[in-house]
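Student: Input my_file17.txt, format and content: compact mmCIF, C-alpha atoms.
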# COMPACT_ATOMS: atom_id res chain seq x y z
CA MET S 1121 6.95 0.17 75.81
CA ARG S 1122 5.61 3.38 74.29
CA GLY S 1123 9.12 4.85 74.30
CA LEU S 1124 10.42 1.82 72.44
CA ILE S 1125 7.65 2.07 69.85
CA LEU S 1126 8.30 5.77 69.33
CA GLY S 1127 12.03 5.05 69.03
CA VAL S 1128 11.47 2.36 66.39
CA ALA S 1129 9.09 4.62 64.43
CA ALA S 1130 11.47 7.60 64.65
CA ALA S 1131 14.47 5.50 63.55
CA ALA S 1132 12.50 4.18 60.58
CA LEU S 1133 11.27 7.58 59.50
CA LEU S 1134 14.47 9.54 60.11
CA HIS S 1135 16.41 7.46 57.61
CA ILE S 1136 14.09 8.35 54.78
CA THR S 1137 15.39 11.50 53.23
CA PRO S 1138 14.02 13.08 50.06
CA THR S 1139 16.08 14.44 47.19
CA VAL S 1140 17.21 18.05 47.36
CA THR S 1141 18.50 20.20 44.52
CA LEU S 1142 21.85 21.79 45.23
CA VAL S 1143 22.18 23.60 41.91
CA GLU S 1144 19.45 23.95 39.28
CA ARG S 1145 20.32 22.28 35.99
CA SER S 1146 19.72 25.55 34.11
CA GLU S 1147 22.34 27.20 36.34
CA VAL S 1148 24.72 24.32 35.64
CA VAL S 1149 24.24 24.82 31.91
CA SER S 1150 25.31 28.45 32.16
CA ARG S 1151 28.34 27.51 34.28
CA LEU S 1152 29.57 24.50 32.32
CA LEU S 1153 28.51 25.49 28.81
CA PRO S 1154 29.23 29.23 29.01
CA GLY S 1155 28.54 31.26 25.92
CA ALA S 1156 26.61 28.50 24.15
CA ASP S 1157 23.65 29.83 22.20
CA ARG S 1158 22.25 26.53 20.95
CA PHE S 1159 21.95 23.15 22.59
CA THR S 1160 21.56 19.64 21.25
CA ALA S 1161 20.79 16.48 23.19
CA ARG S 1162 22.65 13.46 21.83
CA GLU S 1163 21.11 10.28 23.18
CA ILE S 1164 23.20 7.14 22.90
CA HIS S 1165 21.03 4.02 23.15
CA LEU S 1166 23.58 1.34 23.93
CA SER S 1167 23.59 -2.10 22.37
CA SER S 1168 24.29 -4.97 24.73
CA ALA S 1169 27.84 -5.23 23.35
CA ASP S 1170 28.51 -1.53 24.03
CA GLU S 1171 26.86 -1.83 27.42
CA ARG S 1172 29.33 -4.61 28.26
CA ARG S 1173 32.20 -2.50 26.92
CA LEU S 1174 31.22 0.37 29.21
CA HIS S 1175 30.78 -1.98 32.13
CA ASP S 1176 34.24 -3.44 31.57
CA ALA S 1177 35.77 0.03 31.33
CA ALA S 1178 33.99 1.74 34.21
CA GLY S 1179 32.14 -0.92 36.19
CA TRP S 1180 28.92 0.88 35.45
CA THR S 1181 25.95 0.80 33.09
CA PRO S 1182 23.54 3.71 32.64
CA PRO S 1183 19.84 3.50 33.57
CA ASP S 1184 17.76 2.18 30.65
CA ASP S 1185 21.05 1.81 28.72
CA VAL S 1186 20.84 5.42 27.57
CA ILE S 1187 23.50 8.10 27.94
CA THR S 1188 22.52 11.67 27.11
CA PHE S 1189 25.18 14.21 26.18
CA TYR S 1190 24.16 17.85 25.97
CA LEU S 1191 26.18 19.69 23.35
CA GLY S 1192 26.58 23.43 23.75
CA LYS S 1193 27.13 25.19 20.42
CA ARG S 1194 28.36 28.64 19.54
CA ALA S 1195 28.11 29.79 15.94
CA ASN S 1196 27.07 26.22 15.06
CA GLN S 1197 30.33 24.80 16.43
CA VAL S 1198 30.36 22.50 19.45
CA ASP S 1199 31.93 24.48 22.28
CA GLY S 1200 31.45 21.99 25.09
CA VAL S 1201 29.60 18.93 26.27
CA LEU S 1202 27.68 18.33 29.47
CA VAL S 1203 26.55 15.07 30.98
CA PHE S 1204 24.56 14.36 34.15
CA MET S 1205 25.52 11.27 36.13
CA ARG S 1206 23.51 9.70 38.90
CA VAL S 1207 25.48 7.87 41.58
CA ASP S 1208 23.60 5.64 44.02
CA SER S 1209 24.59 5.09 47.61
CA PRO S 1210 22.94 3.51 50.65
CA HIS S 1211 22.17 7.09 51.76
CA GLY S 1212 20.34 7.97 48.55
CA PRO S 1213 21.31 9.07 45.06
CA LEU S 1214 23.36 12.08 44.11
CA GLU S 1215 23.68 13.68 40.70
CA VAL S 1216 26.89 15.03 39.29
CA ALA S 1217 27.13 17.29 36.23
CA VAL S 1218 30.39 17.02 34.32
CA GLY S 1219 31.26 19.56 31.65
CA PHE S 1220 33.89 18.92 28.99
CA ASP S 1221 35.52 21.59 26.83
CA LYS S 1222 35.90 21.16 23.09
CA ALA S 1223 39.32 19.60 23.55
CA GLY S 1224 37.79 16.92 25.78
CA ALA S 1225 39.26 18.11 29.08
CA ILE S 1226 37.01 18.55 32.11
CA ARG S 1227 35.79 22.13 32.24
CA GLY S 1228 34.02 21.76 35.55
CA VAL S 1229 32.03 19.52 37.86
CA GLU S 1230 28.92 20.44 39.84
CA VAL S 1231 26.90 18.36 42.27
CA THR S 1232 23.31 19.08 41.33
CA LYS S 1233 21.32 16.75 43.56
CA ALA S 1234 21.70 15.12 46.94
CA THR S 1235 19.38 13.99 49.71
CA VAL S 1236 18.45 15.75 52.91
CA GLU S 1237 20.82 13.39 54.72
CA THR S 1238 23.80 13.65 52.34
CA LYS S 1239 23.57 17.38 51.59
CA PRO S 1240 25.63 18.57 54.60
CA TRP S 1241 28.34 15.99 53.89
CA ILE S 1242 28.49 16.99 50.22
CA VAL S 1243 28.51 20.70 51.03
CA GLU S 1244 31.44 20.12 53.42
CA ALA S 1245 33.37 18.29 50.69
CA LEU S 1246 32.60 21.05 48.18
CA ARG S 1247 33.74 23.75 50.62
CA ALA S 1248 37.03 21.88 50.97
CA GLY S 1249 37.59 22.55 47.25
CA LEU S 1250 36.72 19.10 45.92
CA THR S 1251 35.34 20.06 42.52
CA SER S 1252 38.12 22.53 41.66
CA GLN S 1253 40.46 19.51 41.55
CA TYR S 1254 38.77 18.22 38.42
CA GLN S 1255 39.21 21.32 36.30
CA GLY S 1256 41.43 20.73 33.29
CA ALA S 1257 41.78 16.99 33.94
CA ALA S 1258 42.10 14.83 30.85
CA VAL S 1259 39.10 12.68 30.05
CA ASN S 1260 41.11 9.48 30.35
CA ALA S 1261 42.66 10.40 33.70
CA THR S 1262 41.33 8.58 36.76
CA PRO S 1263 39.52 11.17 38.90
CA ALA S 1264 41.28 11.46 42.24
CA ALA S 1265 39.88 14.54 43.90
CA ALA S 1266 38.62 12.63 46.95
CA PRO S 1267 42.13 12.01 48.40
CA THR S 1268 42.79 15.78 48.28
CA VAL S 1269 40.07 16.47 50.85
CA LYS S 1270 40.91 13.51 53.07
CA GLY S 1271 41.67 14.68 56.59
CA LYS S 1272 40.14 18.11 55.92
CA VAL S 1273 36.55 16.90 56.19
CA GLY S 1274 34.55 14.32 58.12
CA THR S 1275 34.39 10.64 57.26
CA MET S 1276 31.01 10.86 55.55
CA SER S 1277 32.16 13.82 53.47
CA GLU S 1278 35.18 11.79 52.41
CA TYR S 1279 32.79 9.05 51.37
CA MET S 1280 30.68 11.54 49.40
CA ALA S 1281 33.85 12.78 47.70
CA GLU S 1282 34.60 9.21 46.62
CA LEU S 1283 31.09 8.93 45.17
CA ILE S 1284 31.59 12.19 43.27
CA ASP S 1285 34.90 10.83 41.95
CA ARG S 1286 32.96 7.79 40.79
CA GLY S 1287 30.38 9.91 38.98
CA VAL S 1288 33.14 11.84 37.22
CA ALA S 1289 34.82 8.54 36.27
CA HIS S 1290 31.55 7.26 34.78
CA ALA S 1291 31.11 10.49 32.83
CA GLY S 1292 34.68 10.29 31.57
CA ALA S 1293 34.25 6.69 30.42
CA ALA S 1294 30.99 7.52 28.68
CA TYR S 1295 32.56 10.51 26.92
CA ARG S 1296 35.68 8.59 25.92
CA LEU S 1297 33.83 5.57 24.56
CA PHE S 1298 30.69 7.06 23.03
CA TYR S 1299 31.07 10.76 22.44
CA ARG S 1300 34.41 11.00 20.68
CA MET Q 543 -16.30 -7.37 67.38
CA LEU Q 544 -14.32 -10.52 66.51
CA TYR Q 545 -11.48 -9.65 68.86
CA ASP Q 546 -10.37 -6.59 70.76
CA LEU Q 547 -6.90 -5.24 70.17
CA ARG Q 548 -7.15 -3.13 73.34
CA ARG Q 549 -7.40 -6.23 75.51
CA SER Q 550 -5.27 -8.57 73.44
CA ASP Q 551 -2.07 -10.15 74.67
CA ALA Q 552 0.92 -7.76 74.62
CA ARG Q 553 2.61 -10.05 72.06
CA VAL Q 554 -0.30 -9.60 69.65
CA ARG Q 555 -0.18 -5.83 70.10
CA TRP Q 556 3.58 -5.88 69.55
CA LEU Q 557 3.11 -7.95 66.39
CA VAL Q 558 0.48 -5.53 65.06
CA THR Q 559 2.72 -2.58 65.95
CA LEU Q 560 5.69 -3.98 64.06
CA LEU Q 561 3.49 -4.99 61.14
CA LEU Q 562 2.03 -1.49 60.86
CA ALA Q 563 5.46 0.10 61.24
CA THR Q 564 6.84 -2.14 58.47
CA LEU Q 565 3.92 -1.39 56.18
CA GLY Q 566 4.32 2.30 57.00
CA VAL Q 567 7.96 2.26 55.89
CA ALA Q 568 6.93 0.42 52.73
CA TYR Q 569 4.22 3.02 52.04
CA VAL Q 570 6.62 5.92 52.57
CA PHE Q 571 9.11 4.39 50.13
CA GLY Q 572 6.22 3.62 47.80
CA ALA Q 573 5.20 7.26 47.83
CA TRP Q 574 8.82 8.29 47.28
CA MET Q 575 9.06 5.95 44.29
CA VAL Q 576 5.79 7.26 42.88
CA GLY Q 577 7.17 10.78 43.25
CA MET Q 578 10.30 9.78 41.35
CA TYR Q 579 8.64 7.93 38.49
CA ALA Q 580 5.03 9.02 38.07
CA GLY Q 581 4.55 12.15 40.15
CA PHE Q 582 1.50 13.33 42.04
CA THR Q 583 -0.29 15.40 39.43
CA PRO Q 584 -2.87 14.10 36.91
CA ARG Q 585 -0.64 15.36 34.11
CA SER Q 586 2.49 13.49 35.19
CA VAL Q 587 0.54 10.30 35.95
CA ALA Q 588 -1.13 10.48 32.53
CA ALA Q 589 2.27 10.99 30.87
CA THR Q 590 3.52 7.86 32.65
CA TYR Q 591 0.70 5.56 31.63
CA VAL Q 592 -0.44 6.71 28.18
CA GLU Q 593 0.63 4.37 25.41
CA PRO Q 594 4.20 5.46 24.52
CA VAL Q 595 4.46 6.38 20.84
CA SER Q 596 8.15 5.42 20.61
CA MET Q 597 7.34 1.80 21.44
CA ASN Q 598 6.04 1.40 17.92
CA MET Q 599 9.37 2.46 16.37
CA ALA Q 600 11.24 -0.20 14.44
CA MET Q 601 14.54 -0.75 16.26
CA PRO Q 602 17.55 -2.23 14.48
CA ALA Q 603 18.75 -5.51 15.97
CA ASP Q 604 21.09 -4.95 18.91
CA SER Q 605 23.12 -1.99 17.68
CA THR Q 606 23.91 1.25 19.43
CA MET Q 607 21.66 4.04 18.22
CA VAL Q 608 22.33 7.75 18.33
CA VAL Q 609 19.43 10.18 18.39
CA GLU Q 610 19.97 13.94 18.32
CA HIS Q 611 17.50 16.73 18.86
CA ASP Q 612 17.70 20.39 19.76
CA VAL Q 613 16.89 21.32 23.34
CA THR Q 614 16.70 24.42 25.48
CA PRO Q 615 18.33 24.81 28.91
CA ALA Q 616 14.82 24.43 30.36
CA ASP Q 617 14.49 21.03 28.62
CA MET Q 618 17.74 19.91 30.25
CA GLY Q 619 16.35 20.79 33.65
CA ARG Q 620 13.25 18.73 33.06
CA GLU Q 621 13.32 15.24 34.49
CA GLU Q 622 13.00 12.53 31.87
CA GLN Q 623 9.48 11.13 31.91
CA HIS Q 624 9.35 7.52 33.02
CA GLN Q 625 6.82 5.60 30.93
CA VAL Q 626 5.05 2.36 31.60
CA ASP Q 627 4.16 0.47 28.43
CA ARG Q 628 1.41 -2.12 28.13
CA ASP Q 629 3.70 -5.11 28.75
CA LEU Q 630 5.10 -3.56 31.89
CA LEU Q 631 1.65 -2.65 33.14
CA ILE Q 632 0.47 -6.24 32.63
CA GLN Q 633 3.47 -7.38 34.66
CA ASP Q 634 2.92 -4.68 37.30
CA THR Q 635 -0.75 -5.60 37.63
CA HIS Q 636 0.07 -9.30 37.93
CA VAL Q 637 2.67 -8.67 40.64
CA HIS Q 638 1.09 -5.83 42.59
CA VAL Q 639 -2.61 -6.66 42.72
CA PRO Q 640 -2.23 -9.91 44.73
CA MET Q 641 0.22 -8.16 47.07
CA TYR Q 642 -2.16 -5.23 47.53
CA GLY Q 643 -4.92 -7.74 48.23
CA ILE Q 644 -2.84 -9.38 50.95
CA ILE Q 645 -1.95 -5.99 52.48
CA ALA Q 646 -5.62 -4.92 52.41
CA THR Q 647 -6.56 -8.22 54.08
CA VAL Q 648 -3.94 -7.81 56.79
CA LEU Q 649 -5.02 -4.22 57.49
CA SER Q 650 -8.66 -5.35 57.48
CA VAL Q 651 -7.85 -8.00 60.10
CA VAL Q 652 -6.28 -5.26 62.22
CA ALA Q 653 -9.40 -3.12 61.62
CA LEU Q 654 -11.59 -6.00 62.88
CA GLY Q 655 -9.88 -5.67 66.25
CA LEU Q 656 -10.54 -1.96 66.56
CA ALA Q 657 -13.22 -0.57 68.83
CA ILE Q 658 -15.19 1.21 66.10
CA PRO Q 659 -18.85 1.07 65.02
CA ARG Q 660 -19.83 -1.78 62.71
CA TRP Q 661 -20.59 0.56 59.79
CA MET Q 662 -17.18 2.15 60.14
CA GLY Q 663 -15.59 -1.29 60.00
CA PHE Q 664 -17.41 -1.97 56.72
CA ALA Q 665 -16.39 1.42 55.36
CA LEU Q 666 -12.75 0.94 56.36
CA ILE Q 667 -12.51 -2.53 54.81
CA THR Q 668 -14.16 -1.24 51.63
CA LEU Q 669 -11.70 1.66 51.49
CA LEU Q 670 -8.72 -0.68 51.97
CA PHE Q 671 -9.78 -2.86 49.04
CA ALA Q 672 -11.12 -0.05 46.84
CA ALA Q 673 -7.78 1.76 46.90
CA PRO Q 674 -5.76 -0.77 44.85
CA TRP Q 675 -8.74 -1.33 42.54
CA LEU Q 676 -8.91 2.41 41.84
CA ASP Q 677 -5.13 2.59 41.48
CA PHE Q 678 -4.88 -0.05 38.76
CA MET Q 679 -8.22 0.72 37.15
CA GLY Q 680 -6.97 4.29 36.70
CA MET Q 681 -3.72 3.09 35.11
CA TRP Q 682 -5.52 0.84 32.63
CA LEU Q 683 -8.20 3.41 31.80
CA THR Q 684 -5.48 6.03 31.29
CA LYS Q 685 -3.71 3.71 28.89
CA LEU Q 686 -6.73 2.37 27.02
CA VAL Q 687 -9.39 5.07 27.20
CA SER Q 688 -8.26 8.57 28.12
CA PRO Q 689 -5.44 10.34 29.98
CA HIS Q 690 -8.15 12.03 32.05
CA PHE Q 691 -8.50 8.81 34.06
CA ALA Q 692 -5.13 9.57 35.71
CA VAL Q 693 -7.17 11.19 38.50
CA VAL Q 694 -8.59 7.74 39.32
CA THR Q 695 -5.07 6.44 39.92
CA LEU Q 696 -4.30 9.46 42.08
CA ALA Q 697 -7.51 8.87 44.04
CA GLY Q 698 -6.47 5.23 44.52
CA GLY Q 699 -3.05 6.23 45.79
CA TRP Q 700 -4.42 8.74 48.26
CA ALA Q 701 -7.10 6.25 49.36
CA MET Q 702 -4.38 3.71 50.05
CA GLY Q 703 -2.50 6.19 52.22
CA LEU Q 704 -5.69 7.28 53.95
CA GLY Q 705 -6.80 3.70 54.72
CA TYR Q 706 -3.41 2.84 56.20
CA THR Q 707 -3.27 6.07 58.22
CA ILE Q 708 -6.73 5.53 59.73
CA VAL Q 709 -6.02 1.90 60.67
CA ALA Q 710 -2.53 2.65 62.01
CA ALA Q 711 -3.58 5.73 63.99
CA LEU Q 712 -6.58 4.01 65.59
CA ALA Q 713 -4.63 0.81 66.28
CA PHE Q 714 -1.64 2.59 67.84
CA TRP Q 715 -3.94 4.74 69.95
CA GLN Q 716 -6.18 1.93 71.10
CA MET Q 717 -3.33 -0.49 71.80
CA TRP Q 718 -0.89 1.78 73.59
CA ARG Q 719 -2.79 4.70 75.09
CA PRO Q 720 -2.04 4.99 78.80
CA GLU Q 721 -4.82 3.60 80.97
CA ARG Q 722 -4.46 4.00 84.72
CA GLY Q 723 -4.29 0.68 86.55
CA VAL Q 724 -5.08 -1.49 83.55
CA ARG Q 725 -1.73 -1.77 81.76
CA THR Q 726 -0.14 -5.23 81.63
I need this file expressed as structure tokens, please.
Tutor:
Amino acid sequence: MRGLILGVAAAALLHITPTVTLVERSEVVSRLLPGADRFTAREIHLSSADERRLHDAAGWTPPDDVITFYLGKRANQVDGVLVFMRVDSPHGPLEVAVGFDKAGAIRGVEVTKATVETKPWIVEALRAGLTSQYQGAAVNATPAAAPTVKGKVGTMSEYMAELIDRGVAHAGAAYRLFYR
Amino acid sequence: MLYDLRRSDARVRWLVTLLLATLGVAYVFGAWMVGMYAGFTPRSVAATYVEPVSMNMAMPADSTMVVEHDVTPADMGREEQHQVDRDLLIQDTHVHVPMYGIIATVLSVVALGLAIPRWMGFALITLLFAAPWLDFMGMWLTKLVSPHFAVVTLAGGWAMGLGYTIVAALAFWQMWRPERGVRT
């Protein structure tokens, strides 16, 4: 009986995994907005009509109906844009940072947050070169980096790669519809 | 002692075990959620419950608004502060206080079955009910009187965790500790 109780308690507790930071946001800023000497936060507070438009385009609506773009400026000219996207999963949330260059192409993607449980899966997907697949992709292209790591990583890492694809797709839709 | 958990039917002990385990999971997720939205420092709790200034802004009828402001890389790294306005706190109080009352009652019923001195039973029951009172009193005082009352909310939160831990630890120990020749 005691073994059963301990098993139940352990199973309940083991599934609860706190958030871990994979890359600090300040580090992400220097990687995805290189050379910027001034930064502006542009907050888009969506109306219900625009919220529906985004939902129709990407199957997603942002928390509190607010999207925040961080504009990196050099000599008062916008040199790039950065957006942080949270993607929820049954294993906990992850956060993806997507940087766009001034032409609107993806400059880079970083996974900034994971959970204790998902971190090893995400790290495996990243080591397989997942995020390099996004570089230079057009903002209206459907992100498809996950299939490139299929077979090279475990099943859960493949799943994490799909979630990262989803975060990049959400960022792309937000940029396309509300930044440009 | 109204009843004795140590000598109760195995089904009762199993029920209490599962109840405490379920409440424990709920408390852990509760703490996680508090960490995400309000934090565990007086400063972050005060920032969550003080009356938000922006709520008084006149908003145009259902149109997308764009707000721009300069930031530093450090600002970008800072988590956005979740704020609870007065309407939400009214709703939260209405929903949570009865539920906290039921949880405190259930834990108190478990405490009544523990082999502990009478005064300790009184103290434990008082702690179980004081915790939610402190929690919400702190939130309202932070909102209406002073941000310094955030410590009251923190005290309530820790008291809630402490009350549960004491009841659960004593109950698990008293119900399932190995006793030679007595186990059913």
Student: Hey, list the chain S side of the contact with chain Q: 7 Å cut-off, only C-alpha atoms, answer as an MDAnalysis selection string.
Tutor: chainID S and resid 1122 1129 1132 1145:1146 1149 1159:1168
Student: With distances taken over all atoms listed in the file, which residue among Q:Gly655, Q:Tyr591, Q:Leu704, Q:His638 lies nearest Val626 in chain Q?
Tutor: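 Counting all atoms listed in the file, the residue closest to Val626 in chain Q is Q:Tyr591.
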Student: If you measure from CA of Gln1197 in chain S to CA of Ala1223 in chain S, what distance in Å do you get, rounded to one decimal?
Tutor: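 Rounded to one decimal, the two atoms are 12.6 Å apart.
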Student: May I ask for the distance between CA of Ala1156 in chain S and CA of Ala1261 in chain S, given in Å to one decimal place?
Tutor: 26.0 Å
Student: Please return the centre and edge lengths, in Å to one decimal, of a box with edges along x, y and z that contains all listed atoms of range 1140-1145 of chain S, widened by 3 Å on every side, as JSON.
Tutor:
{"center_x": 19.7, "center_y": 21.0, "center_z": 41.7, "size_x": 11.0, "size_y": 11.9, "size_z": 17.4}
Student: When you look at Pro674 in chain Q with a cut-off of 9 Å (counting all atoms listed in the file), what residues show up, excluding the ones that are within fewer than 5 positions of it in the same chain? I need them as a list in words.
Tutor: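 Non-adjacent residues within range: His638, Val639, Tyr642, Gly643, Ala646, Met679, Thr695, Gly698, Gly699, Ala701 and Met702 of chain Q.
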Student: Set the distance at 10 Å and use only C-alpha atoms: which residues neighbour Arg1286 in chain S once local chain neighbours fewer than 3 positions away are removed? I'd like the list as an NGL selection string.
Tutor: :S and (1178-1180 or 1205-1207 or 1216 or 1262-1264 or 1266 or 1280-1283 or 1289-1292)
Student: Hey, can you check how far CA of Ser550 in chain Q sits from CA of Leu669 in chain Q?
Tutor: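 Going from CA of Ser550 in chain Q over to CA of Leu669 in chain Q covers 25.1 Å.
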Student: Given the choices S:Tyr1254, S:Phe1204, S:Tyr1299, S:Tyr1279, which gets closest to Lys1222 in chain S if the distance is worked out from all atoms listed in the file?
Tutor: S:Tyr1299
Student: Taking all atoms listed in the file into account, name the residue in S:Ser1209, S:Thr1235, S:Asn1196, S:Thr1181 that is nearest to Thr1139 in chain S.
Tutor: S:Thr1235
Student: Using all atoms listed in the file, which residue out of Q:Leu683, Q:Arg553, Q:Leu565, Q:Gly703 lies closest to Met641 in chain Q?
Tutor: Q:Leu565
Student: Please identify all polymer residues within 7 Å of Ala692 in chain Q, counting all atoms listed in the file, omitting same-chain residues fewer than 4 positions from it, and present them as a VMD selection string.
Tutor: chain Q and resid 584 587 to 588 680 to 681 684 696
Student: Please write C-alpha atoms of range 1271-1282 of chain S, from the structure given just now, as a PDB file, in the first residue's frame.
Tutor:
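Dumped everything to out33.pdb:
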ATOM      1  CA  GLY S1271      14.228  10.829 -38.285  1.00  0.00           C
ATOM      2  CA  LYS S1272      17.337  12.549 -36.898  1.00  0.00           C
ATOM      3  CA  VAL S1273      15.858  13.100 -33.441  1.00  0.00           C
ATOM      4  CA  GLY S1274      13.471  11.370 -31.053  1.00  0.00           C
ATOM      5  CA  THR S1275       9.694  11.522 -31.310  1.00  0.00           C
ATOM      6  CA  MET S1276       9.300  14.140 -28.589  1.00  0.00           C
ATOM      7  CA  SER S1277      11.964  16.325 -30.195  1.00  0.00           C
ATOM      8  CA  GLU S1278      10.074  16.064 -33.472  1.00  0.00           C
ATOM      9  CA  TYR S1279       6.982  17.213 -31.614  1.00  0.00           C
ATOM     10  CA  MET S1280       8.896  20.142 -30.087  1.00  0.00           C
ATOM     11  CA  ALA S1281      10.121  21.059 -33.576  1.00  0.00           C
ATOM     12  CA  GLU S1282       6.505  21.179 -34.746  1.00  0.00           C
TER      13      GLU S1282
END
